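Enquirer: You'll find target_21.txt just under this line, and it carries compact mmCIF, C-alpha atoms.
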# COMPACT_ATOMS: atom_id res chain seq x y z
CA MET P 1 4.86 30.46 -13.54
CA ASP P 2 5.96 33.47 -11.51
CA TYR P 3 6.25 31.68 -8.19
CA GLN P 4 9.42 32.59 -6.25
CA ILE P 5 10.96 29.59 -4.56
CA ASP P 6 12.42 30.38 -1.14
CA PHE P 7 15.55 28.19 -1.15
CA ASP P 8 16.85 29.73 2.04
CA LEU P 9 13.82 28.41 3.92
CA ILE P 10 14.58 24.89 2.70
CA PHE P 11 18.07 25.04 4.22
CA ARG P 12 16.78 26.52 7.45
CA SER P 13 14.17 23.79 7.86
CA LEU P 14 16.51 20.88 7.13
CA PRO P 15 17.64 20.37 10.78
CA VAL P 16 14.02 20.04 11.95
CA LEU P 17 13.13 17.72 9.06
CA LEU P 18 16.17 15.54 9.74
CA ARG P 19 15.12 15.26 13.37
CA GLY P 20 11.80 14.01 12.03
CA LEU P 21 13.64 11.56 9.80
CA LEU P 22 15.30 10.11 12.90
CA VAL P 23 11.87 9.38 14.43
CA THR P 24 10.78 7.84 11.11
CA ILE P 25 13.75 5.48 11.37
CA GLU P 26 12.89 4.77 15.01
CA LEU P 27 9.48 3.59 13.82
CA TRP P 28 10.80 1.79 10.78
CA VAL P 29 13.55 -0.43 12.24
CA PRO P 30 11.60 -2.00 15.15
CA THR P 31 8.57 -2.51 12.90
CA VAL P 32 10.70 -4.45 10.43
CA LEU P 33 12.41 -6.58 13.09
CA ILE P 34 9.38 -7.37 15.26
CA GLY P 35 6.90 -7.48 12.38
CA LEU P 36 8.87 -9.99 10.30
CA THR P 37 9.55 -12.22 13.32
CA ALA P 38 5.89 -12.20 14.32
CA GLY P 39 4.97 -12.80 10.69
CA PHE P 40 7.08 -15.94 10.61
CA LEU P 41 5.38 -17.37 13.71
CA LEU P 42 2.02 -16.38 12.27
CA SER P 43 2.75 -18.19 9.01
CA LEU P 44 3.50 -21.39 10.96
CA ALA P 45 0.09 -21.07 12.62
CA ARG P 46 -1.50 -20.34 9.25
CA LEU P 47 0.05 -23.48 7.72
CA SER P 48 -0.67 -25.63 10.75
CA LYS P 49 -2.82 -28.74 10.42
CA SER P 50 -4.74 -27.82 13.56
CA ALA P 51 -7.80 -25.66 12.88
CA THR P 52 -7.55 -23.95 16.29
CA LEU P 53 -4.28 -22.38 15.11
CA ARG P 54 -5.11 -22.00 11.44
CA LEU P 55 -8.50 -20.28 11.58
CA PRO P 56 -7.66 -17.48 14.05
CA SER P 57 -4.45 -16.71 12.19
CA LEU P 58 -6.33 -16.63 8.87
CA PHE P 59 -8.89 -14.28 10.43
CA TYR P 60 -6.16 -12.03 11.85
CA ILE P 61 -4.25 -11.86 8.56
CA GLU P 62 -7.35 -11.03 6.53
CA LEU P 63 -8.52 -8.42 9.03
CA PHE P 64 -5.24 -6.52 8.71
CA ARG P 65 -5.03 -6.89 4.95
CA ASP P 66 -8.61 -5.80 4.29
CA THR P 67 -8.62 -2.55 6.29
CA PRO P 68 -6.69 0.69 5.66
CA VAL P 69 -3.50 1.09 7.72
CA LEU P 70 -4.61 4.56 8.75
CA ILE P 71 -7.69 3.08 10.43
CA GLN P 72 -5.54 0.49 12.18
CA LEU P 73 -3.34 3.25 13.63
CA ILE P 74 -6.34 5.31 14.68
CA TRP P 75 -7.94 2.23 16.19
CA PHE P 76 -4.86 1.41 18.26
CA PHE P 77 -4.57 5.00 19.47
CA TYR P 78 -8.21 5.82 20.21
CA ALA P 79 -10.04 2.51 20.60
CA PHE P 80 -7.58 -0.11 21.90
CA PRO P 81 -6.72 1.80 25.13
CA ILE P 82 -10.38 1.50 26.14
CA ILE P 83 -10.14 -2.30 26.07
CA ILE P 84 -6.85 -2.54 27.94
CA GLY P 85 -7.51 0.42 30.24
CA VAL P 86 -4.10 2.00 29.59
CA GLN P 87 -3.53 5.13 27.52
CA LEU P 88 -0.87 4.57 24.85
CA SER P 89 1.46 7.29 23.65
CA PRO P 90 1.10 8.15 19.96
CA PHE P 91 4.48 6.55 19.24
CA VAL P 92 3.60 3.26 20.95
CA ALA P 93 0.18 3.13 19.28
CA ALA P 94 1.74 3.78 15.86
CA LEU P 95 4.45 1.19 16.47
CA LEU P 96 1.85 -1.37 17.56
CA GLY P 97 -0.35 -0.74 14.53
CA LEU P 98 2.55 -0.84 12.07
CA THR P 99 4.05 -3.98 13.62
CA LEU P 100 0.83 -5.97 13.64
CA ASN P 101 0.04 -4.85 10.08
CA THR P 102 3.53 -5.96 9.01
CA SER P 103 3.16 -9.31 10.74
CA ALA P 104 0.01 -10.03 8.71
CA TYR P 105 1.56 -9.09 5.37
CA SER P 106 4.87 -10.85 5.99
CA ALA P 107 3.08 -13.99 7.20
CA GLU P 108 1.67 -14.25 3.68
CA ILE P 109 5.16 -13.87 2.19
CA PHE P 110 6.55 -16.62 4.45
CA ARG P 111 3.57 -18.83 3.61
CA GLY P 112 3.99 -18.29 -0.13
CA GLY P 113 7.69 -19.06 0.18
CA MET P 114 7.22 -22.21 2.21
CA GLN P 115 4.50 -23.53 -0.06
CA SER P 116 6.75 -22.97 -3.06
CA ILE P 117 9.38 -25.37 -1.66
CA ALA P 118 8.88 -28.79 -3.23
CA GLN P 119 7.30 -31.42 -0.99
CA GLY P 120 10.22 -33.75 -1.77
CA GLN P 121 12.55 -31.57 0.29
CA TRP P 122 10.45 -32.11 3.41
CA GLU P 123 10.28 -35.82 2.71
CA GLY P 124 14.00 -36.09 2.02
CA ALA P 125 14.89 -34.24 5.22
CA ARG P 126 12.49 -36.39 7.21
CA ALA P 127 14.06 -39.51 5.70
CA LEU P 128 17.41 -38.27 7.05
CA GLY P 129 15.81 -38.28 10.50
CA MET P 130 15.50 -34.52 10.99
CA ARG P 131 12.91 -33.08 13.32
CA ARG P 132 10.38 -30.53 11.99
CA SER P 133 12.16 -27.59 13.64
CA LYS P 134 15.51 -28.73 12.20
CA ILE P 135 14.01 -29.13 8.72
CA LEU P 136 12.60 -25.60 8.89
CA GLN P 137 15.83 -24.14 10.19
CA ARG P 138 18.32 -25.94 7.95
CA ILE P 139 16.46 -26.76 4.75
CA ILE P 140 13.31 -24.68 4.29
CA LEU P 141 13.97 -21.21 5.75
CA PRO P 142 17.29 -20.54 3.98
CA GLN P 143 15.56 -21.20 0.67
CA VAL P 144 12.47 -19.18 1.61
CA PHE P 145 14.62 -16.18 2.53
CA LYS P 146 16.50 -16.36 -0.72
CA ARG P 147 13.45 -16.88 -2.88
CA MET P 148 11.32 -14.26 -1.15
CA LEU P 149 14.02 -11.63 -0.76
CA PRO P 150 12.45 -9.24 -3.30
CA ALA P 151 9.06 -9.59 -1.59
CA PHE P 152 10.61 -8.88 1.82
CA THR P 153 12.48 -5.87 0.45
CA ASN P 154 9.21 -4.56 -0.98
CA ARG P 155 7.51 -4.99 2.38
CA ILE P 156 10.33 -3.12 4.14
CA ILE P 157 9.88 -0.26 1.65
CA GLU P 158 6.12 -0.25 2.28
CA ILE P 159 6.79 0.04 6.02
CA ALA P 160 8.89 3.17 5.49
CA LYS P 161 6.03 4.66 3.50
CA MET P 162 3.37 3.57 6.02
CA SER P 163 5.31 5.12 8.90
CA SER P 164 4.36 8.55 7.49
CA LEU P 165 0.78 7.87 8.64
CA ALA P 166 1.96 8.16 12.25
CA SER P 167 1.86 11.93 11.60
CA VAL P 168 -1.93 11.69 11.88
CA LEU P 169 -1.45 10.60 15.53
CA SER P 170 1.02 13.51 15.99
CA VAL P 171 4.12 11.33 16.25
CA HIS P 172 6.92 13.81 15.52
CA GLU P 173 8.28 11.98 12.49
CA LEU P 174 9.27 13.41 9.12
CA MET P 175 5.76 13.95 7.68
CA TYR P 176 4.56 15.56 10.91
CA GLN P 177 7.48 17.99 10.98
CA GLY P 178 6.84 18.79 7.33
CA ARG P 179 3.17 19.56 7.96
CA LEU P 180 4.05 21.67 10.98
CA LEU P 181 6.73 23.70 9.18
CA SER P 182 4.66 24.21 6.06
CA SER P 183 1.80 25.69 8.06
CA THR P 184 4.12 27.73 10.28
CA TYR P 185 5.87 29.47 7.38
CA TYR P 186 2.96 29.13 4.98
CA ARG P 187 5.40 27.78 2.41
CA PRO P 188 3.84 24.37 1.62
CA PHE P 189 5.47 24.05 -1.80
CA GLU P 190 9.07 24.31 -0.56
CA ILE P 191 8.61 22.25 2.59
CA LEU P 192 6.38 19.47 1.24
CA THR P 193 8.53 19.02 -1.86
CA THR P 194 11.64 18.79 0.34
CA VAL P 195 9.92 16.19 2.54
CA ALA P 196 9.00 14.17 -0.56
CA PHE P 197 12.65 14.26 -1.70
CA ILE P 198 13.91 13.12 1.71
CA TYR P 199 11.52 10.16 1.59
CA PHE P 200 12.66 9.38 -1.94
CA VAL P 201 16.32 9.34 -0.88
CA LEU P 202 15.44 7.09 2.05
CA ILE P 203 13.34 4.62 0.06
CA TYR P 204 14.80 4.49 -3.43
CA PRO P 205 17.93 2.43 -2.57
CA GLY P 206 15.63 -0.34 -1.34
CA THR P 207 13.57 -0.33 -4.54
CA TRP P 208 16.72 -0.38 -6.63
CA LEU P 209 18.10 -3.31 -4.64
CA SER P 210 14.83 -5.23 -4.89
CA ALA P 211 14.65 -4.76 -8.67
CA ARG P 212 18.27 -5.91 -9.01
CA LEU P 213 17.66 -9.02 -6.91
CA GLU P 214 14.57 -9.85 -8.92
CA ARG P 215 16.44 -9.50 -12.20
CA ARG P 216 19.32 -11.63 -10.99
CA MET P 217 16.94 -14.36 -9.87
CA ALA P 218 15.12 -14.28 -13.20
CA GLU P 219 18.42 -14.74 -14.99
CA LYS P 220 19.34 -17.73 -12.82
CA ALA P 221 15.98 -19.44 -13.34
CA MET S 1 -13.39 -7.31 30.81
CA SER S 2 -15.61 -4.72 32.42
CA TYR S 3 -16.17 -2.61 29.32
CA HIS S 4 -19.77 -2.43 28.13
CA TRP S 5 -20.01 -2.22 24.38
CA ASP S 6 -22.69 0.20 23.34
CA PHE S 7 -23.43 0.49 19.65
CA SER S 8 -26.63 2.56 20.05
CA GLY S 9 -24.82 5.82 19.23
CA VAL S 10 -23.38 4.29 16.06
CA TRP S 11 -26.71 2.77 15.03
CA SER S 12 -28.60 6.03 15.45
CA ARG S 13 -26.13 7.75 13.10
CA TRP S 14 -25.97 5.00 10.49
CA ASP S 15 -26.96 7.50 7.78
CA LEU S 16 -23.73 9.45 8.35
CA LEU S 17 -21.62 6.32 8.01
CA LEU S 18 -23.54 5.17 4.96
CA ALA S 19 -22.94 8.55 3.30
CA GLY S 20 -19.25 8.12 4.12
CA LEU S 21 -19.16 4.64 2.63
CA ILE S 22 -20.80 5.93 -0.56
CA ASN S 23 -18.22 8.72 -0.78
CA THR S 24 -15.41 6.20 -0.28
CA ILE S 25 -16.76 4.05 -3.12
CA LYS S 26 -17.23 7.14 -5.29
CA ILE S 27 -13.71 8.46 -4.86
CA ALA S 28 -12.21 4.99 -5.30
CA GLY S 29 -14.18 4.38 -8.50
CA ILE S 30 -13.33 7.74 -10.07
CA SER S 31 -9.66 7.42 -9.11
CA ILE S 32 -9.44 3.91 -10.57
CA VAL S 33 -10.76 5.23 -13.91
CA PHE S 34 -8.33 8.18 -13.99
CA GLY S 35 -5.54 6.00 -12.62
CA VAL S 36 -6.00 3.55 -15.50
CA ILE S 37 -5.80 6.40 -18.01
CA VAL S 38 -2.62 7.76 -16.38
CA GLY S 39 -1.24 4.22 -16.18
CA LEU S 40 -1.89 3.46 -19.85
CA ILE S 41 -0.21 6.68 -20.97
CA LEU S 42 2.80 6.04 -18.72
CA ALA S 43 3.09 2.40 -19.79
CA PHE S 44 3.15 3.26 -23.50
CA LEU S 45 5.62 6.10 -22.92
CA LYS S 46 7.89 3.80 -20.95
CA LEU S 47 7.68 1.07 -23.61
CA SER S 48 8.72 3.54 -26.29
CA PRO S 49 12.20 3.00 -27.75
CA ARG S 50 12.67 6.81 -27.80
CA ARG S 51 14.49 7.92 -24.68
CA PHE S 52 12.91 11.37 -24.53
CA LEU S 53 9.56 9.60 -24.08
CA SER S 54 10.59 6.73 -21.83
CA ALA S 55 12.90 8.65 -19.47
CA PRO S 56 10.31 11.15 -18.13
CA ALA S 57 7.83 8.29 -17.64
CA THR S 58 10.45 6.36 -15.63
CA VAL S 59 11.17 9.39 -13.42
CA PHE S 60 7.44 9.96 -12.81
CA ILE S 61 6.82 6.30 -11.96
CA GLU S 62 9.85 5.96 -9.67
CA PHE S 63 9.08 9.20 -7.86
CA TYR S 64 5.55 8.07 -7.02
CA ARG S 65 6.53 4.53 -6.11
CA ASN S 66 9.20 5.73 -3.68
CA THR S 67 7.34 8.38 -1.70
CA PRO S 68 4.50 7.87 0.82
CA PRO S 69 0.93 8.42 -0.45
CA ILE S 70 0.09 10.91 2.30
CA ILE S 71 2.64 13.39 0.96
CA HIS S 72 0.90 13.36 -2.44
CA PHE S 73 -2.40 14.27 -0.82
CA PHE S 74 -0.86 17.19 1.07
CA TRP S 75 1.18 18.29 -1.91
CA PHE S 76 -1.84 18.51 -4.21
CA TYR S 77 -4.02 20.15 -1.58
CA TYR S 78 -1.58 22.68 -0.09
CA ALA S 79 1.43 23.06 -2.40
CA LEU S 80 -0.05 22.93 -5.91
CA PRO S 81 -2.59 25.74 -5.26
CA VAL S 82 0.22 28.05 -4.08
CA LEU S 83 2.37 27.16 -7.06
CA ALA S 84 -0.32 27.40 -9.74
CA ASN S 85 -2.43 30.05 -8.02
CA VAL S 86 -5.61 27.96 -8.11
CA SER S 87 -7.68 26.57 -5.30
CA LEU S 88 -8.63 22.90 -5.20
CA ASP S 89 -11.36 21.40 -3.08
CA PRO S 90 -10.44 18.29 -1.05
CA PHE S 91 -12.21 15.95 -3.46
CA VAL S 92 -10.29 17.17 -6.53
CA ALA S 93 -6.96 17.19 -4.67
CA ALA S 94 -7.57 13.66 -3.38
CA VAL S 95 -8.55 12.35 -6.83
CA LEU S 96 -5.41 13.95 -8.31
CA ALA S 97 -3.24 12.32 -5.63
CA LEU S 98 -4.91 8.92 -5.91
CA SER S 99 -5.01 8.72 -9.69
CA THR S 100 -1.42 9.84 -10.23
CA GLN S 101 0.00 7.51 -7.60
CA SER S 102 -2.09 4.54 -8.71
CA GLY S 103 -1.28 5.45 -12.34
CA ALA S 104 2.40 4.92 -11.54
CA PHE S 105 1.67 1.46 -10.18
CA TYR S 106 -0.84 0.56 -12.91
CA ALA S 107 1.76 1.54 -15.53
CA GLU S 108 4.09 -1.16 -14.22
CA VAL S 109 1.25 -3.69 -14.20
CA PHE S 110 0.33 -2.90 -17.82
CA ARG S 111 3.91 -2.82 -19.01
CA GLY S 112 4.68 -6.09 -17.22
CA GLY S 113 1.67 -7.75 -18.86
CA ILE S 114 2.66 -6.65 -22.36
CA ILE S 115 6.34 -7.57 -22.12
CA SER S 116 5.45 -10.96 -20.61
CA ILE S 117 3.97 -12.12 -23.93
CA GLU S 118 6.51 -14.37 -25.63
CA LYS S 119 8.41 -13.14 -28.68
CA GLY S 120 7.04 -16.03 -30.77
CA GLN S 121 3.51 -14.63 -30.47
CA TRP S 122 4.61 -11.30 -31.97
CA GLU S 123 6.61 -13.03 -34.68
CA GLY S 124 3.80 -15.44 -35.50
CA ALA S 125 1.27 -12.63 -35.80
CA ARG S 126 3.65 -10.66 -37.99
CA ALA S 127 4.26 -13.71 -40.19
CA LEU S 128 0.50 -13.88 -40.75
CA GLY S 129 0.73 -10.36 -42.18
CA MET S 130 -0.99 -8.54 -39.31
CA ARG S 131 -0.45 -4.85 -38.80
CA HIS S 132 0.76 -3.58 -35.40
CA SER S 133 -2.71 -2.45 -34.32
CA GLN S 134 -4.31 -5.75 -35.36
CA MET S 135 -1.60 -7.72 -33.61
CA MET S 136 -2.14 -5.75 -30.39
CA ARG S 137 -5.92 -6.06 -30.50
CA ARG S 138 -6.23 -9.70 -31.49
CA ILE S 139 -3.14 -11.44 -30.15
CA ILE S 140 -1.23 -9.51 -27.54
CA LEU S 141 -3.81 -7.58 -25.49
CA PRO S 142 -6.27 -10.46 -24.88
CA GLN S 143 -3.48 -12.57 -23.41
CA ALA S 144 -1.82 -9.66 -21.61
CA MET S 145 -5.12 -8.60 -20.05
CA ALA S 146 -5.68 -12.01 -18.51
CA ARG S 147 -2.20 -11.87 -16.99
CA MET S 148 -2.61 -8.29 -15.76
CA PHE S 149 -5.92 -8.95 -14.09
CA ALA S 150 -4.75 -10.22 -10.68
CA PRO S 151 -2.10 -7.51 -10.08
CA PHE S 152 -4.56 -4.91 -11.39
CA VAL S 153 -7.16 -5.95 -8.83
CA GLU S 154 -4.57 -6.00 -6.06
CA ARG S 155 -3.52 -2.44 -6.94
CA SER S 156 -7.14 -1.29 -7.04
CA PHE S 157 -7.66 -2.69 -3.54
CA GLU S 158 -4.59 -0.80 -2.36
CA LEU S 159 -6.08 2.33 -3.90
CA THR S 160 -9.41 1.74 -2.17
CA LYS S 161 -7.66 1.44 1.19
CA THR S 162 -5.58 4.55 0.46
CA THR S 163 -8.76 6.61 -0.04
CA ALA S 164 -8.94 6.73 3.79
CA LEU S 165 -6.15 9.34 3.58
CA ALA S 166 -8.60 11.74 1.91
CA SER S 167 -10.08 12.19 5.39
CA THR S 168 -6.92 14.14 6.34
CA LEU S 169 -8.00 16.77 3.79
CA ALA S 170 -11.50 16.79 5.36
CA TYR S 171 -13.12 14.92 2.47
CA ALA S 172 -16.24 13.25 3.89
CA ASP S 173 -15.20 9.63 3.32
CA LEU S 174 -15.98 6.75 5.68
CA LEU S 175 -13.11 7.54 8.06
CA TYR S 176 -13.94 11.25 8.20
CA GLN S 177 -17.61 10.51 8.93
CA ALA S 178 -16.51 8.09 11.64
CA MET S 179 -14.50 10.89 13.25
CA LEU S 180 -17.67 13.03 13.23
CA VAL S 181 -19.72 10.25 14.80
CA ASN S 182 -16.97 9.69 17.36
CA SER S 183 -16.90 13.33 18.39
CA ALA S 184 -20.68 13.22 18.90
CA THR S 185 -20.82 9.93 20.80
CA PHE S 186 -17.38 9.60 22.47
CA ARG S 187 -17.47 5.90 21.59
CA PRO S 188 -14.22 5.44 19.61
CA LEU S 189 -14.07 1.68 20.20
CA GLU S 190 -17.52 1.05 18.73
CA VAL S 191 -17.20 3.62 15.93
CA TYR S 192 -13.77 2.62 14.64
CA THR S 193 -14.46 -1.10 14.98
CA THR S 194 -17.66 -0.64 12.97
CA ILE S 195 -15.97 1.17 10.10
CA ALA S 196 -13.08 -1.31 10.07
CA LEU S 197 -15.65 -4.07 9.56
CA MET S 198 -17.36 -1.97 6.86
CA TYR S 199 -14.05 -1.82 4.99
CA VAL S 200 -13.64 -5.59 5.36
CA ILE S 201 -17.12 -6.17 3.94
CA LEU S 202 -16.48 -3.74 1.07
CA LEU S 203 -13.18 -5.39 0.13
CA VAL S 204 -14.34 -8.97 0.55
CA THR S 205 -17.38 -8.23 -1.66
CA ALA S 206 -15.14 -6.59 -4.25
CA SER S 207 -12.68 -9.48 -4.23
CA THR S 208 -15.50 -12.01 -4.69
CA LEU S 209 -16.72 -10.05 -7.72
CA ALA S 210 -13.15 -9.85 -9.01
CA ARG S 211 -12.73 -13.63 -8.76
CA ILE S 212 -15.89 -14.17 -10.80
CA ALA S 213 -14.68 -11.70 -13.42
CA GLU S 214 -11.24 -13.32 -13.53
CA ALA S 215 -12.76 -16.75 -14.13
CA ARG S 216 -14.60 -15.31 -17.16
CA LEU S 217 -11.61 -13.43 -18.47
CA THR S 218 -9.35 -16.49 -18.38
CA ALA S 219 -12.03 -18.88 -19.63
CA TYR S 220 -10.26 -19.23 -22.97
CA ARG S 221 -7.41 -21.20 -21.44
Output the file's structure as structure tokens, nothing else.

Expert:
Amino acid sequence: MDYQIDFDLIFRSLPVLLRGLLVTIELWVPTVLIGLTAGFLLSLARLSKSATLRLPSLFYIELFRDTPVLIQLIWFFYAFPIIIGVQLSPFVAALLGLTLNTSAYSAEIFRGGMQSIAQGQWEGARALGMRRSKILQRIILPQVFKRMLPAFTNRIIEIAKMSSLASVLSVHELMYQGRLLSSTYYRPFEILTTVAFIYFVLIYPGTWLSARLERRMAEKA
Amino acid sequence: MSYHWDFSGVWSRWDLLLAGLINTIKIAGISIVFGVIVGLILAFLKLSPRRFLSAPATVFIEFYRNTPPIIHFFWFYYALPVLANVSLDPFVAAVLALSTQSGAFYAEVFRGGIISIEKGQWEGARALGMRHSQMMRRIILPQAMARMFAPFVERSFELTKTTALASTLAYADLLYQAMLVNSATFRPLEVYTTIALMYVILLVTASTLARIAEARLTAYR
């Protein structure tokens, strides 16, 4: 291989790429916070005894899980504004798509967690005179969080990866800046490899943590 | 809502969307086959007690699992040709990206299935005088395969959804064809809703088939 790597270019492009990384984080953090919260509410609807809550939430969850994220982002940017009559900025459309997608996936994690808690715990708490909201808050949710921690960590990692798709809507995040720089300098190898490494540094700690948690839980069990 | 849905533009170009759907199925199928091959090689390397075999496999797997899929598509399409002085068409670059990234995930599925088989099964088979290859074929793999099936299918669905990213390299998959139809009709709401539903139908059909296959595979229990 006689390809000459231009290391100087990598250093010169770092400031722009790091500015992109900041936008990636601006997409990532709100998606995690809003998406997980919405996912919790959605899982309550999904587990509800009333069919008017259960069926629409089931439909919503399956719709988001059975279509590519990229199409969801494109739909929210190009199609959704037609229904609501307001043009969305690429950032808002991407955030909306990522958040709703996350709510669907995390609803399934919450549901799995809640269903894994033995029925006896609900009965015991009810026998103590607790209301449903109290039982959830004091007995069920703390256990769900603990038990599903690796699954939540995985989801948070997936969100960081999914956020790169916002580049298709021209949100100026890390992937977008990488594509722009690589075509400007016509040095795709240096720039794209650097972008991949930045993502790796961002995401790997989460994977490591999730694997550690999983191992520790397996040892306890 | 004052918007009038008009699907006539989409209907009159159904042949374009159908061609896209066929291309999506084609690229998913080919990438699953290559992904399984990559995954098997990686799994056996990682299971090896020799560090010079297992360490590179671990690095490969972790790198792919901790970077966004879109960067792999761009890397193979733009960076690899510069580095290796070859030119790749979008289809080849997309298959390379899809099969290496899914290979990394498949490897963990395969490895997980094999190490989940209890020690006693290995010892029992050895006590019966079986050779390693016999033991694998008759005792370990049939049980491991049944356990791997569900995560394998889940990964293959993820891969199928990820094929939508091939549209960013101008491969004529379902999403790319939808963009063509959209630019001819200016009906993004109808076009993108239609293809989202086409993905749902594709995945629901595939998951029904997978459930039937799983019932057969685990019939021995």

Enquirer: In Å, with one decimal, what is the gap from atom CA of S:Ala104 to atom CA of P:Ile25?

Expert: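 Straight-line distance from atom CA of S:Ala104 to atom CA of P:Ile25 works out to 25.6 Å.
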
Enquirer: Can you tell me, as an MDAnalysis selection string, what residues are no more than 12 Å from S:Val10 when counting all atoms listed in the file, ignoring any on the same chain fewer than 3 positions away?

Expert: chainID S and resid 5:7 13:18 177:195

Enquirer: So which residues touch P:Glu214 within 9 Å, counting only C-alpha atoms, skipping near sequence neighbours fewer than 5 positions away, as a PyMOL selection string?

Expert: chain P and resi 149-150+209+219

Enquirer: I need the contact residues of chain S against chain P, so if you could list those with any atom within 6 Å, counting only C-alpha atoms, and return them as number ranges by chain, that would help.

Expert: S: 66-68, 78-79, 161, 188-189, 196, 199-200

Enquirer: What separation in Å, quoted to one decimal, exists between atom CA of S:Val82 and atom CA of P:Thr184?

Expert: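 Atom CA of S:Val82 sits 14.9 Å away from atom CA of P:Thr184.
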
Enquirer: Quick one, how far is atom CA of S:Met135 from atom CA of S:Gly103?

Expert: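 These atoms are spaced 25.0 Å apart.
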
Enquirer: Choose the residue, out of P:Ser133, P:Thr52, P:Gln119, P:Thr37, that has the smallest atom-to-atom separation from P:Ser106; count only C-alpha atoms.

Expert: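 Nearest candidate to P:Ser106 out of P:Ser133, P:Thr52, P:Gln119, P:Thr37: P:Thr37.
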
Enquirer: Starting from the incomplete input, reconstruct N, CA and C atoms of stretch 141-158 of chain S and write that as an mmCIF file, in the coordinates of the input.

Expert:
data_model
loop_
_atom_site.group_PDB
_atom_site.id
_atom_site.type_symbol
_atom_site.label_atom_id
_atom_site.label_comp_id
_atom_site.auth_asym_id
_atom_site.auth_seq_id
_atom_site.Cartn_x
_atom_site.Cartn_y
_atom_site.Cartn_z
ATOM 1 N N LEU S 141 -3.022 -8.101 -26.611
ATOM 2 C CA LEU S 141 -3.810 -7.580 -25.490
ATOM 3 C C LEU S 141 -4.726 -8.615 -24.821
ATOM 4 N N PRO S 142 -5.420 -9.497 -25.583
ATOM 5 C CA PRO S 142 -6.270 -10.460 -24.880
ATOM 6 C C PRO S 142 -5.486 -11.341 -23.907
ATOM 7 N N GLN S 143 -4.288 -11.740 -24.300
ATOM 8 C CA GLN S 143 -3.480 -12.570 -23.410
ATOM 9 C C GLN S 143 -2.896 -11.735 -22.274
ATOM 10 N N ALA S 144 -2.427 -10.522 -22.624
ATOM 11 C CA ALA S 144 -1.820 -9.660 -21.610
ATOM 12 C C ALA S 144 -2.849 -9.290 -20.548
ATOM 13 N N MET S 145 -4.097 -9.028 -20.993
ATOM 14 C CA MET S 145 -5.120 -8.600 -20.050
ATOM 15 C C MET S 145 -5.410 -9.682 -19.017
ATOM 16 N N ALA S 146 -5.439 -10.929 -19.449
ATOM 17 C CA ALA S 146 -5.680 -12.010 -18.510
ATOM 18 C C ALA S 146 -4.558 -12.078 -17.472
ATOM 19 N N ARG S 147 -3.318 -11.825 -17.925
ATOM 20 C CA ARG S 147 -2.200 -11.870 -16.990
ATOM 21 C C ARG S 147 -2.157 -10.667 -16.064
ATOM 22 N N MET S 148 -2.657 -9.513 -16.563
ATOM 23 C CA MET S 148 -2.610 -8.290 -15.760
ATOM 24 C C MET S 148 -3.697 -8.278 -14.705
ATOM 25 N N PHE S 149 -4.714 -9.117 -14.883
ATOM 26 C CA PHE S 149 -5.920 -8.950 -14.090
ATOM 27 C C PHE S 149 -5.656 -9.011 -12.578
ATOM 28 N N ALA S 150 -4.963 -10.063 -12.126
ATOM 29 C CA ALA S 150 -4.750 -10.220 -10.680
ATOM 30 C C ALA S 150 -3.955 -9.058 -10.077
ATOM 31 N N PRO S 151 -2.800 -8.670 -10.659
ATOM 32 C CA PRO S 151 -2.100 -7.510 -10.080
ATOM 33 C C PRO S 151 -2.894 -6.212 -10.195
ATOM 34 N N PHE S 152 -3.713 -6.100 -11.237
ATOM 35 C CA PHE S 152 -4.560 -4.910 -11.390
ATOM 36 C C PHE S 152 -5.553 -4.811 -10.231
ATOM 37 N N VAL S 153 -6.182 -5.936 -9.920
ATOM 38 C CA VAL S 153 -7.160 -5.950 -8.830
ATOM 39 C C VAL S 153 -6.479 -5.650 -7.507
ATOM 40 N N GLU S 154 -5.296 -6.231 -7.309
ATOM 41 C CA GLU S 154 -4.570 -6.000 -6.060
ATOM 42 C C GLU S 154 -4.273 -4.515 -5.881
ATOM 43 N N ARG S 155 -3.823 -3.867 -6.962
ATOM 44 C CA ARG S 155 -3.520 -2.440 -6.940
ATOM 45 C C ARG S 155 -4.778 -1.615 -6.650
ATOM 46 N N SER S 156 -5.901 -2.036 -7.244
ATOM 47 C CA SER S 156 -7.140 -1.290 -7.040
ATOM 48 C C SER S 156 -7.607 -1.407 -5.586
ATOM 49 N N PHE S 157 -7.336 -2.552 -4.957
ATOM 50 C CA PHE S 157 -7.660 -2.690 -3.540
ATOM 51 C C PHE S 157 -6.774 -1.783 -2.711
ATOM 52 N N GLU S 158 -5.495 -1.715 -3.064
ATOM 53 C CA GLU S 158 -4.590 -0.800 -2.360
ATOM 54 C C GLU S 158 -5.112 0.626 -2.476
#
